[in-house]
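A.B. asks: I'd like to ask some things about the structure below.
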Amino acid sequence: MDITTVYQKERHEFGRPTVTFDFNEVVILDEFLSEPDVRANHIERNPMVLDLQAIPELSVTEVNTESVQYKQQGMCHMEGGWPKEVDATEKDQTTRFKKKIEKDEEYIRSVKSLVEMLEPDIQQNYSLDIYQDYFPSTNEDLQYALPPPSARTLACFKDPQETKRSACTVSWHPDAGRKLAVAFAIMQFQDPRMDTCSFESYLWDVNNPNTPEQTLTPPSPLCCLEYNPKDPHLLVGGSYNGLVSAYDTRVGATPKDVSIIENSHRDPVYKITWLAGKTPFECVSTSTDGQVLWWDVRKLGEPIESLWIEDKTDLNKALLGGTALEYTGAGGKFMVGSEQGKIVACSRKGKTPADKIGAIWEAHCGPVYALTRNAFFPKFYLTVGDWSVKVWNEEIKTPILTSKSFKSYVTDAAWSNTRPGVFVTTKHDGTLDVWDIFYKQNDPTLSLQVDADSLRCLKMQELGSLLATGSAGGNVYMLELAEGLSQMQSNEKVAVMNMLERESKREKNLEARAKELKAKAKRAEEASKEQASEGTPWEDTVKEIEEKFWTTVGIKAEDATAAE
């Protein structure tokens with residue numbers, strides 16, 4: 001097992017220098033001869049364990065810090081805090097009083113004590129950029145003041161197992177992201193490594209990347225794992241064999257409850273998410289078997305509700321396997337991304353299964369790997385699949401923004417929670433791209449080669465500066481974005497909203513124009529047919545009628561002409 005230690009401090013900030021050992025000549029201090037008589041009275045202990053320390057033993061000592069007593073003391077500031085005998089409006093009296101105080105020994109002692117407290121801060125040699133504009137008035141000034149886009153790796157969390165597994169899902173602890181939950185599994189069908197690999201997934205403390213804080217032992221490898229946003233002790237996961245399991249970190253490593261195989265998914269659970277409601281116990285899952293199931297983690301014996309995602313545009317009513325799920329919570333609306341490359345808009349409030357399934361439209365050439373909504377503008381969402389990234393408006397069935405086609409597959413994406421114009425994507429070649437459409441829409445603002453293996457999953461922390469991404473090799477990297485990519489820019493929200501609305505309006509105009517051209521072409525074709533029929537000479541028309549008549553009678557036109 002590889003042990004990685006990440007030092008986040010400067011060398012002079014921790015530890016003492018390593019002791020240097022010298023080589024000395026061997027000196028015999030004393031000889032201990034064997035005593036057979038004494039040995040016969042003793043029994044050999046096997047095994048024998050003896051702990052030795054090369055440093056002196058120290059005792060534990062507790063020391064209480066000095067207690068500070070506070071007392072309340074009021075002062076009347078109506079006259080500037082001057083004594084009653086001094087008139088604050090008279091300059092001579094105030095000057096005389098200041099000279100008297102400055103000669104007092106208590107005043108000199110107080111000033112000296114304050115200087116001693118201030119001196120360590122001065123010795124720190126604080127430096128300030130006198131040319132930095134701390135209060136920019138325009139967007140251009142802000143752009144100049146912020147550092148260039150960058151990101152740095154803070155920690156690397158490695159799968160402790162020897163068998164190489166993929167990091168399928170990363171979930172942040174809801175309390176300021178103090179922990180990371182990672183689901184590990186082998187997603188290749190009938191991979192021989194499945195017979196020997198472990199089923200365990202892990203919880204890490206972000207300050208200790210060397211050892212997992214807690215282990216989760218599911219009945220089957222977890223393909224997805226999510227923290228409960230309301231109760232940080234609860235987690236829910238979807239397994240490779242279709243089971244849904246609930247975990248309570250206060251109970252232990254084994255699941256608190258597991259669904260029954262007969263009432264669960266038939267394929268791996270690719271996405272599971274908690275529902276916003278009065279109780280923090282409901283969740284929804286989707287799988288490539290074509291089902292969407294609603295669960296109550298307090299009783300996972302059977303789902304609360306189920307829905308089969310059928311393709312209404314197909315005459316055979318083919319099922320669409322779910323690979324991505326985005327639940328808005330408003331009115332029970334949700335969207336499912338399928339492995340067929342289609343997006344399905346659904347609503348839980350429909351009376352019949354047919355009413356619950358809404359519009360279906362083509363999105364990508366391959367499976368939709370991620371579907372996520374903008375935190376500031378929920379009607380705009382982002383999808384990734386095949387070799388491109390697309391931004392959509394839920395009112396339009398065509399993308400309003402489409403990236404160029406990359407050489408590698410795009411595997412996952414996430415919107416920033418603090419900036420409406422920033423989102424992050426991962427690719428199959430191990431590259432992480434940070435997009436800032438507030439400044440540039442054609443290319444990523446920042447591209448990083450995070451790992452040599454493929455990056456499979458991505459999750460942004462709520463505060464916006466931290467993100468975690470997992471690779472196919474089982475490594476999970478925690479990165480910190482620069483200030484310019486995590487803090488809201490001046491007028492960014494209004495500018496991004498106007499840009500998205502402008503692109504939506506443009507796409508609607510193009511769609512209306514295409515319909516108009518199609519109708520115009522159809523009318524032109526019908527008019528050309530009518531003109532062709534009207535322009536035929538009368539003799540040709542009579543000849544065609546005679547040929548049809550003789551054909552109907554059963555006599556060829558040439559024979560009829562010869563008979564005449």
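All residue names refer to the structure tokens as shown: chains lettered A, B, ... in order, residues numbered from 1 in each chain, ligands numbered from 1 in order.
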Near Thr323 of chain A, counting only C-alpha atoms, which residues have an atom at most 7 Å away, once you skip same-chain residues fewer than 3 positions from it, shown as a ChimeraX atom specification?

C.D. replies: /A:270-271,287-288,337-339,368-369

A.B. asks: Mind dumping the selected residues with N, CA and C atoms as an mmCIF file, in the first residue's frame?

C.D. replies:
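The resulting file, selection_0.cif, is shown below:
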```cif
data_model
loop_
_atom_site.group_PDB
_atom_site.id
_atom_site.type_symbol
_atom_site.label_atom_id
_atom_site.label_comp_id
_atom_site.auth_asym_id
_atom_site.auth_seq_id
_atom_site.Cartn_x
_atom_site.Cartn_y
_atom_site.Cartn_z
ATOM 1 N N TYR A 270 -26.928 4.065 -11.199
ATOM 2 C CA TYR A 270 -25.962 5.060 -11.643
ATOM 3 C C TYR A 270 -26.125 6.398 -10.930
ATOM 4 N N LYS A 271 -27.314 6.674 -10.410
ATOM 5 C CA LYS A 271 -27.512 7.979 -9.769
ATOM 6 C C LYS A 271 -28.556 7.854 -8.679
ATOM 7 N N SER A 287 -31.555 3.815 -12.852
ATOM 8 C CA SER A 287 -30.625 2.788 -13.308
ATOM 9 C C SER A 287 -30.831 2.566 -14.800
ATOM 10 N N THR A 288 -29.895 1.827 -15.398
ATOM 11 C CA THR A 288 -29.995 1.525 -16.827
ATOM 12 C C THR A 288 -31.067 0.486 -17.128
ATOM 13 N N GLY A 337 -31.248 11.671 -17.797
ATOM 14 C CA GLY A 337 -30.382 11.483 -18.958
ATOM 15 C C GLY A 337 -30.181 9.996 -19.195
ATOM 16 N N SER A 338 -30.323 9.542 -20.422
ATOM 17 C CA SER A 338 -30.324 8.118 -20.725
ATOM 18 C C SER A 338 -29.039 7.702 -21.418
ATOM 19 N N GLU A 339 -28.787 6.383 -21.421
ATOM 20 C CA GLU A 339 -27.627 5.854 -22.120
ATOM 21 C C GLU A 339 -27.821 5.861 -23.624
ATOM 22 N N VAL A 368 -25.594 10.041 -21.731
ATOM 23 C CA VAL A 368 -25.514 11.322 -21.021
ATOM 24 C C VAL A 368 -24.893 11.036 -19.652
ATOM 25 N N TYR A 369 -23.639 11.449 -19.473
ATOM 26 C CA TYR A 369 -22.921 11.122 -18.247
ATOM 27 C C TYR A 369 -23.254 12.058 -17.084
#
```

A.B. asks: Could you pull the residues within 7 Å of segment 444-461 of chain A, counting only C-alpha atoms, minus those fewer than 3 positions along the same chain, as JSON, numbers by chain?

C.D. replies: {"A": [149, 150, 167, 168, 169, 170, 171, 172, 177, 411, 412, 413, 414, 416, 426, 427, 428, 429, 430, 431, 432, 433, 434, 435, 436, 464, 466, 467, 468, 469, 470, 471, 472, 473]}

A.B. asks: Which residue is closest to Ala253 of chain A? Choose from A:Tyr202, A:Val49, A:Gly237, A:Val297 and count only C-alpha atoms.

C.D. replies: A:Tyr202

A.B. asks: Would you mind telling me which residue in A:Lys404, A:Pro420, A:Glu226, A:Ala524 lies nearest to Ser490 of chain A when using only C-alpha atoms?

C.D. replies: A:Pro420

A.B. asks: Here is a test: counting only C-alpha atoms, which residue of A:Arg502, A:Arg165, A:Lys158, A:Arg193 is nearest to Thr211 of chain A?

C.D. replies: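 For Thr211 of chain A, the nearest of the candidates is A:Lys158.
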
A.B. asks: So which bits of segment 219-440 of chain A end up alpha helix (DSSP H) when you DSSP the backbone, as a PyMOL selection string?

C.D. replies: chain A and resi 353-356

A.B. asks: Please provide as a list of chain:residue names all residues within 7 Å of segment 173-176 of chain A, with the sequence filter that same-chain residues fewer than 4 positions apart are discarded (counting only C-alpha atoms).

C.D. replies: A:Leu180, A:Tyr227, A:Pro229, A:Pro232

A.B. asks: Those same residues - C-alpha atoms - I'd like them written as a PDB file, in the first residue's frame.

C.D. replies:
```
ATOM      1  CA  LEU A 180     -15.403  13.204   1.687  1.00  0.00           C
ATOM      2  CA  TYR A 227     -24.538  12.550   2.040  1.00  0.00           C
ATOM      3  CA  PRO A 229     -27.882  17.541   3.239  1.00  0.00           C
ATOM      4  CA  PRO A 232     -24.726  14.614   8.087  1.00  0.00           C
TER       5      PRO A 232
END
```

A.B. asks: Choose the residue, out of A:Ala246, A:Ile261, A:Met497, A:Val269, that has the smallest atom-to-atom separation from His233 of chain A; count only C-alpha atoms.

C.D. replies: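 Closest candidate: A:Ala246.
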